[in-house]
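Student: One structure, as C-alpha cells, below. Some questions next.
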Amino acid sequence: METHFIADLHLQPGRPALTALFLAYLAGPARAADQLYILGDLFEYWIGDDGSMPDYPQVVQALTELANSGTTLYVQHGNRDFMLGSEFCAATGATILDDPVVISLGGEAVLISHGDLFCTDDHDHQRFRERYTDPAWRARMQALPIWLRRLIARYARWRSRRGHRHKSATIMDVNQDTVEQWMHRRGCRRLVHGHTHRPADHEWRLGGASAQRHVLSDWDEHRGGEALVVRGGELTRLPLQPA
Ligand SMILES: [Mn+2]
C-alpha cells in the first residue's frame, strides 16, 4: 500500500524537459502507488479540455497508462488549472476531488487541498478564488471561443507575475488561523497541500495534541521534482532527479 501526493508541476508546452521529468515519474516510481493524488496546478494554465488537451498528448497517454496499471488517480484543481474537466477525466481515468477534502490514509482522516484556500492574507487572490471556484463563472469561461480563452490565460499569467513582485512573502503564505479553522472544522490533525512552493513538514500543538502540515514542493526541470510518499504510516519525500 503506497500513496503518492504531488502538486505544482506547472507543466507547459514550452518546457519539454519538465514534461519529460513527469513522464519518467509516471512510468517509474508512480507505478508503486495504489493512489496518486495530484493536488493542483499540474498545468501552468488550462483553458478548458477542448483547448488544452491537444497540447499534452503524452501526458494524457501516460496518465491513462498509469490508471490502467492499477493506480487510482485523483486530481484537485489549482488556481492555474481550474478548468480541468470531464473530458480530461474521461481520457485519463482521473477523478476530480473537492478542495479541500478529507481522505482516509491508513485509517487517519487527512485534509488535502491545493492550498491557496489558506492564503487569506492575500485579498486579491481570495477575490480571484471566489470567481474561479464558482461553477457558473467557469461555465461562462468555457463558453468563450478558444482564442479568447488563450488570450485571457496569457493576460492572467502576466498579471500574476506582476502581482507577485509587489507582494511580500508572508502575504503569499498560508494564514495559520485559517489553517487551524479548517482542520478543526473537518476534524483533521494532518494536512497536505501545495501552492506556496515552500516544501516543509510543520508540526505544532493544536488543541492539546500534535498536528502536522505537509507542504509539497513545486517541480522544476533543473532542480527536479518531488513526491510525498506514504507507506505503512511512514511519510517520506521522494526526490525525482532530471535525466
Ligand atoms: Mn497554485
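Identifiers in the C-alpha cells: chain A, B, ... in order shown; residue index from 1 per chain; ligand index from 1 in order shown.
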Once you count only C-alpha atoms and all ligand atoms, what closest atom pair and distance in Å to one decimal does each residue of chain A within 9 Å of ligand 1 have, with rows by chain and rising residue number, as a Markdown table?
Tutor:
| residue | atom | partner | partner_atom_place_in_ligand_line | distance |
| --- | --- | --- | --- | --- |
| A:Ala7 | CA | ligand 1 | 1 (Mn) | 8.5 |
| A:Asp8 | CA | ligand 1 | 1 (Mn) | 6.5 |
| A:His10 | CA | ligand 1 | 1 (Mn) | 8.8 |
| A:Gly40 | CA | ligand 1 | 1 (Mn) | 6.6 |
| A:Asp41 | CA | ligand 1 | 1 (Mn) | 5.5 |
| A:Glu44 | CA | ligand 1 | 1 (Mn) | 8.9 |
| A:His77 | CA | ligand 1 | 1 (Mn) | 8.9 |
| A:Gly78 | CA | ligand 1 | 1 (Mn) | 5.1 |
| A:Asn79 | CA | ligand 1 | 1 (Mn) | 4.9 |
| A:Arg80 | CA | ligand 1 | 1 (Mn) | 6.3 |
| A:Asp81 | CA | ligand 1 | 1 (Mn) | 8.7 |
| A:His114 | CA | ligand 1 | 1 (Mn) | 6.6 |
| A:Gly115 | CA | ligand 1 | 1 (Mn) | 7.2 |
| A:Asp116 | CA | ligand 1 | 1 (Mn) | 6.3 |
| A:Gly194 | CA | ligand 1 | 1 (Mn) | 7.0 |
| A:His195 | CA | ligand 1 | 1 (Mn) | 3.9 |
| A:Thr196 | CA | ligand 1 | 1 (Mn) | 6.8 |
| A:His197 | CA | ligand 1 | 1 (Mn) | 8.4 |
Student: Restricting the output to C-alpha atoms, write the selected residues as a PDB file, in the first residue's frame.
Tutor:
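Generated file (out05.pdb):
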ATOM      1  CA  ALA A   7       1.465  19.284  -6.758  1.00  0.00           C
ATOM      2  CA  ASP A   8       2.558  22.367  -8.637  1.00  0.00           C
ATOM      3  CA  HIS A  10       3.177  23.774 -13.720  1.00  0.00           C
ATOM      4  CA  GLY A  40      -3.494  21.184  -8.149  1.00  0.00           C
ATOM      5  CA  ASP A  41      -1.513  23.173 -10.678  1.00  0.00           C
ATOM      6  CA  GLU A  44       0.660  26.157 -15.689  1.00  0.00           C
ATOM      7  CA  HIS A  77      -7.997  21.975  -9.215  1.00  0.00           C
ATOM      8  CA  GLY A  78      -5.263  24.523  -8.666  1.00  0.00           C
ATOM      9  CA  ASN A  79      -5.573  28.226  -9.261  1.00  0.00           C
ATOM     10  CA  ARG A  80      -3.964  27.676 -12.703  1.00  0.00           C
ATOM     11  CA  ASP A  81      -5.758  24.596 -13.992  1.00  0.00           C
ATOM     12  CA  HIS A 114      -4.314  22.748  -3.311  1.00  0.00           C
ATOM     13  CA  GLY A 115      -3.590  25.277  -0.573  1.00  0.00           C
ATOM     14  CA  ASP A 116      -4.490  28.736  -1.872  1.00  0.00           C
ATOM     15  CA  GLY A 194       0.810  22.600  -2.255  1.00  0.00           C
ATOM     16  CA  HIS A 195       0.536  26.032  -3.872  1.00  0.00           C
ATOM     17  CA  THR A 196       3.018  28.011  -1.749  1.00  0.00           C
ATOM     18  CA  HIS A 197       6.133  26.305  -3.187  1.00  0.00           C
TER      19      HIS A 197
END
Student: List as a PyMOL selection string the protein and nucleic acid residues near range 99-106 of chain A, meaning an atom at most 7 Å away when only C-alpha atoms are counted, but skip any in the same chain fewer than 6 places from it.
Tutor: chain A and resi 76+112-114+233
Student: Would you tabulate, counting only C-alpha atoms, all residues of range 76-127 of chain A that have an atom at most 9 Å from an atom of range 52-72 of chain A, showing the closest pair of atoms and their distance in Å to one decimal, sorted by chain then ascending number, as JSON lines?
Tutor:
{"residue": "A:Leu84", "atom": "CA", "partner": "A:Ser52", "partner_atom": "CA", "distance": 9.0}
{"residue": "A:Glu87", "atom": "CA", "partner": "A:Met53", "partner_atom": "CA", "distance": 8.7}
{"residue": "A:Phe88", "atom": "CA", "partner": "A:Met53", "partner_atom": "CA", "distance": 7.2}
{"residue": "A:Ala91", "atom": "CA", "partner": "A:Thr64", "partner_atom": "CA", "distance": 6.9}
{"residue": "A:Thr92", "atom": "CA", "partner": "A:Thr64", "partner_atom": "CA", "distance": 4.3}
{"residue": "A:Gly93", "atom": "CA", "partner": "A:Ala67", "partner_atom": "CA", "distance": 6.2}
{"residue": "A:Ala94", "atom": "CA", "partner": "A:Thr72", "partner_atom": "CA", "distance": 7.3}
{"residue": "A:Thr95", "atom": "CA", "partner": "A:Thr72", "partner_atom": "CA", "distance": 8.5}
Student: Could you write those residues out with N, CA and C atoms, as a tab-separated table (two decimals), in the first residue's frame?
Tutor:
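The result, stored in result_13.tsv:
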chain	number	residue	atom	x	y	z
A	84	LEU	N	-9.78	22.23	-15.68
A	84	LEU	CA	-9.71	20.78	-15.94
A	84	LEU	C	-11.11	20.21	-15.74
A	87	GLU	N	-13.80	15.88	-19.77
A	87	GLU	CA	-13.12	15.20	-20.89
A	87	GLU	C	-11.75	14.70	-20.48
A	88	PHE	N	-11.06	15.54	-19.70
A	88	PHE	CA	-9.75	15.14	-19.19
A	88	PHE	C	-9.90	13.90	-18.30
A	91	ALA	N	-10.64	10.80	-20.37
A	91	ALA	CA	-9.48	10.33	-21.13
A	91	ALA	C	-8.45	9.66	-20.24
A	92	THR	N	-8.27	10.16	-19.02
A	92	THR	CA	-7.18	9.67	-18.16
A	92	THR	C	-7.63	8.70	-17.08
A	93	GLY	N	-8.92	8.69	-16.78
A	93	GLY	CA	-9.41	7.86	-15.68
A	93	GLY	C	-9.27	8.56	-14.34
A	94	ALA	N	-8.94	9.85	-14.35
A	94	ALA	CA	-8.80	10.60	-13.09
A	94	ALA	C	-10.15	11.03	-12.56
A	95	THR	N	-10.21	11.22	-11.24
A	95	THR	CA	-11.40	11.75	-10.59
A	95	THR	C	-11.04	13.11	-9.99
Student: Using only C-alpha atoms for the distances, tell me which of A:Gly187, A:Gly85, A:Gly14, A:Pro239 is nearest to Gly48 in chain A.
Tutor: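 Closest to Gly48 in chain A of all the choices is A:Gly85.
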Student: Just want the 12 Å neighbourhood of Ala156 in chain A, counted on only C-alpha atoms, with same-chain residues fewer than 5 positions away dropped. Output as number ranges by chain.
Tutor: A: 44-47, 79-80, 125, 128, 149-151, 161-163
Student: Kindly save the residues from that selection, with C-alpha atoms included, as a PDB file, in the first residue's frame.
Tutor:
ATOM      1  CA  GLU A  44       0.660  26.157 -15.689  1.00  0.00           C
ATOM      2  CA  TYR A  45      -2.624  27.051 -17.356  1.00  0.00           C
ATOM      3  CA  TRP A  46      -5.589  25.143 -18.739  1.00  0.00           C
ATOM      4  CA  ILE A  47      -8.046  26.930 -20.954  1.00  0.00           C
ATOM      5  CA  ASN A  79      -5.573  28.226  -9.261  1.00  0.00           C
ATOM      6  CA  ARG A  80      -3.964  27.676 -12.703  1.00  0.00           C
ATOM      7  CA  HIS A 125      -6.094  36.189  -4.632  1.00  0.00           C
ATOM      8  CA  PHE A 128      -9.994  35.595  -7.736  1.00  0.00           C
ATOM      9  CA  ARG A 149      -9.588  31.935 -23.508  1.00  0.00           C
ATOM     10  CA  ARG A 150      -5.980  31.665 -24.676  1.00  0.00           C
ATOM     11  CA  LEU A 151      -5.669  35.437 -24.559  1.00  0.00           C
ATOM     12  CA  ARG A 161       3.836  37.652 -12.338  1.00  0.00           C
ATOM     13  CA  ARG A 162       3.451  41.404 -11.949  1.00  0.00           C
ATOM     14  CA  GLY A 163       1.388  40.979  -8.753  1.00  0.00           C
TER      15      GLY A 163
END
Student: Write out as a list of chain:residue names the set of residues from range 41-175 of chain A that DSSP, computed on the backbone, places in strand (DSSP E or B).
Tutor: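 Put together, the selection reads A:Phe43, A:Thr72, A:Leu73, A:Tyr74, A:Val75, A:Gln76, A:Thr95, A:Ile96, A:Leu97, A:Val101, A:Val102, A:Ile103, A:Ser104, A:Leu105, A:Glu108, A:Ala109, A:Val110, A:Leu111, A:Ile112, A:Ser113.
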Student: Residues as selected, C-alpha atoms, written as a short mmCIF file (atom, residue, chain, number, x, y, z; two decimals), in the first residue's frame, can you do that?
Tutor:
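In the end it all went to part-v8.cif:
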data_model
loop_
_atom_site.label_atom_id
_atom_site.label_comp_id
_atom_site.auth_asym_id
_atom_site.auth_seq_id
_atom_site.Cartn_x
_atom_site.Cartn_y
_atom_site.Cartn_z
CA PHE A 43 -0.57 22.57 -15.56
CA THR A 72 -6.23 5.29 -8.78
CA LEU A 73 -5.81 8.89 -9.93
CA TYR A 74 -7.23 11.85 -8.04
CA VAL A 75 -6.87 15.45 -9.10
CA GLN A 76 -7.70 18.71 -7.36
CA THR A 95 -11.40 11.75 -10.59
CA ILE A 96 -11.61 15.42 -9.63
CA LEU A 97 -11.92 15.99 -5.89
CA VAL A 101 -11.49 17.28 1.08
CA VAL A 102 -10.90 14.73 3.83
CA ILE A 103 -9.42 11.39 2.81
CA SER A 104 -8.66 8.32 4.88
CA LEU A 105 -4.98 7.47 4.97
CA GLU A 108 -6.43 8.52 9.70
CA ALA A 109 -8.57 11.43 8.48
CA VAL A 110 -6.28 13.69 6.46
CA LEU A 111 -7.25 17.03 4.96
CA ILE A 112 -5.90 17.62 1.46
CA SER A 113 -6.04 20.82 -0.56
#
Student: Taking 4 positions as the minimum chain separation for residues in the same chain, which residues sit within 8 Å of range 224-228 of chain A when counting only C-alpha atoms? Answer as a list in words.
Tutor: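 Residues meeting the cut-off are His4, Phe5, Ile6, Leu9, Leu21, Leu216, Ser217, Asp218, Trp219, Asp220, Leu235, Thr236, Arg237, Leu238, Pro239, Leu240, Gln241 and Pro242 of chain A.
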Student: Would you write out those residues with C-alpha atoms, as a compact mmCIF listing (two decimals), in the first residue's frame?
Tutor:
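Result file result_14.txt:
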# COMPACT_ATOMS: atom_id res chain seq x y z
CA HIS A 4 1.68 9.45 -3.52
CA PHE A 5 1.00 13.19 -3.36
CA ILE A 6 2.36 15.68 -5.88
CA LEU A 9 4.26 20.81 -11.63
CA LEU A 21 10.54 14.55 -15.77
CA LEU A 216 4.50 19.77 -1.22
CA SER A 217 7.33 21.02 -3.40
CA ASP A 218 6.81 22.54 -6.82
CA TRP A 219 8.65 20.92 -9.75
CA ASP A 220 11.38 22.27 -11.96
CA LEU A 235 5.89 9.65 5.29
CA THR A 236 8.89 10.17 3.06
CA ARG A 237 9.79 12.67 0.38
CA LEU A 238 10.93 11.04 -2.82
CA PRO A 239 13.22 13.33 -4.85
CA LEU A 240 12.86 12.99 -8.62
CA GLN A 241 16.04 13.90 -10.48
CA PRO A 242 16.08 15.12 -14.04
Student: List every residue of range 87-144 of chain A that DSSP, applied to the backbone, labels as alpha helix (DSSP H), and write the result as a list in words.
Tutor: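 The residues of range 87-144 of chain A classed as alpha helix (DSSP H) are Glu87, Phe88, Cys89, Ala90, Ala91, Thr92, His123, Asp124, His125, Gln126, Arg127, Phe128, Arg129, Glu130, Arg131, Tyr132, Pro135, Ala136, Trp137, Arg138, Ala139, Arg140, Met141 and Gln142 of chain A.
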Student: A:Arg154, A:Lys167, A:Arg213, A:His193: which is nearest Asp121 in chain A, counting only C-alpha atoms?
Tutor: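 That would be A:Lys167, the residue with the smallest distance to Asp121 in chain A.
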Student: So how many Å separate CA of Val215 in chain A and CA of Arg198 in chain A, to one decimal?
Tutor: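 Value for the CA of Val215 in chain A-CA of Arg198 in chain A distance: 6.5 Å.
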Student: Tell me, in Å to one decimal, how far CA of Arg190 in chain A is from CA of Trp204 in chain A.
Tutor: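 Spanning CA of Arg190 in chain A to CA of Trp204 in chain A is a straight-line distance of 10.6 Å.
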Student: Report, in Å to a single decimal, how far apart CA of Asp98 in chain A and CA of Ala211 in chain A are.
Tutor: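 Taking CA of Ala211 in chain A and CA of Asp98 in chain A, their separation equals 22.2 Å.
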Student: Under the rule that only C-alpha atoms are counted, which of A:Glu130, A:Glu180, A:Asp50, A:Glu234 is the nearest residue to Ala143 in chain A?
Tutor: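 Nearest to Ala143 in chain A: A:Asp50.
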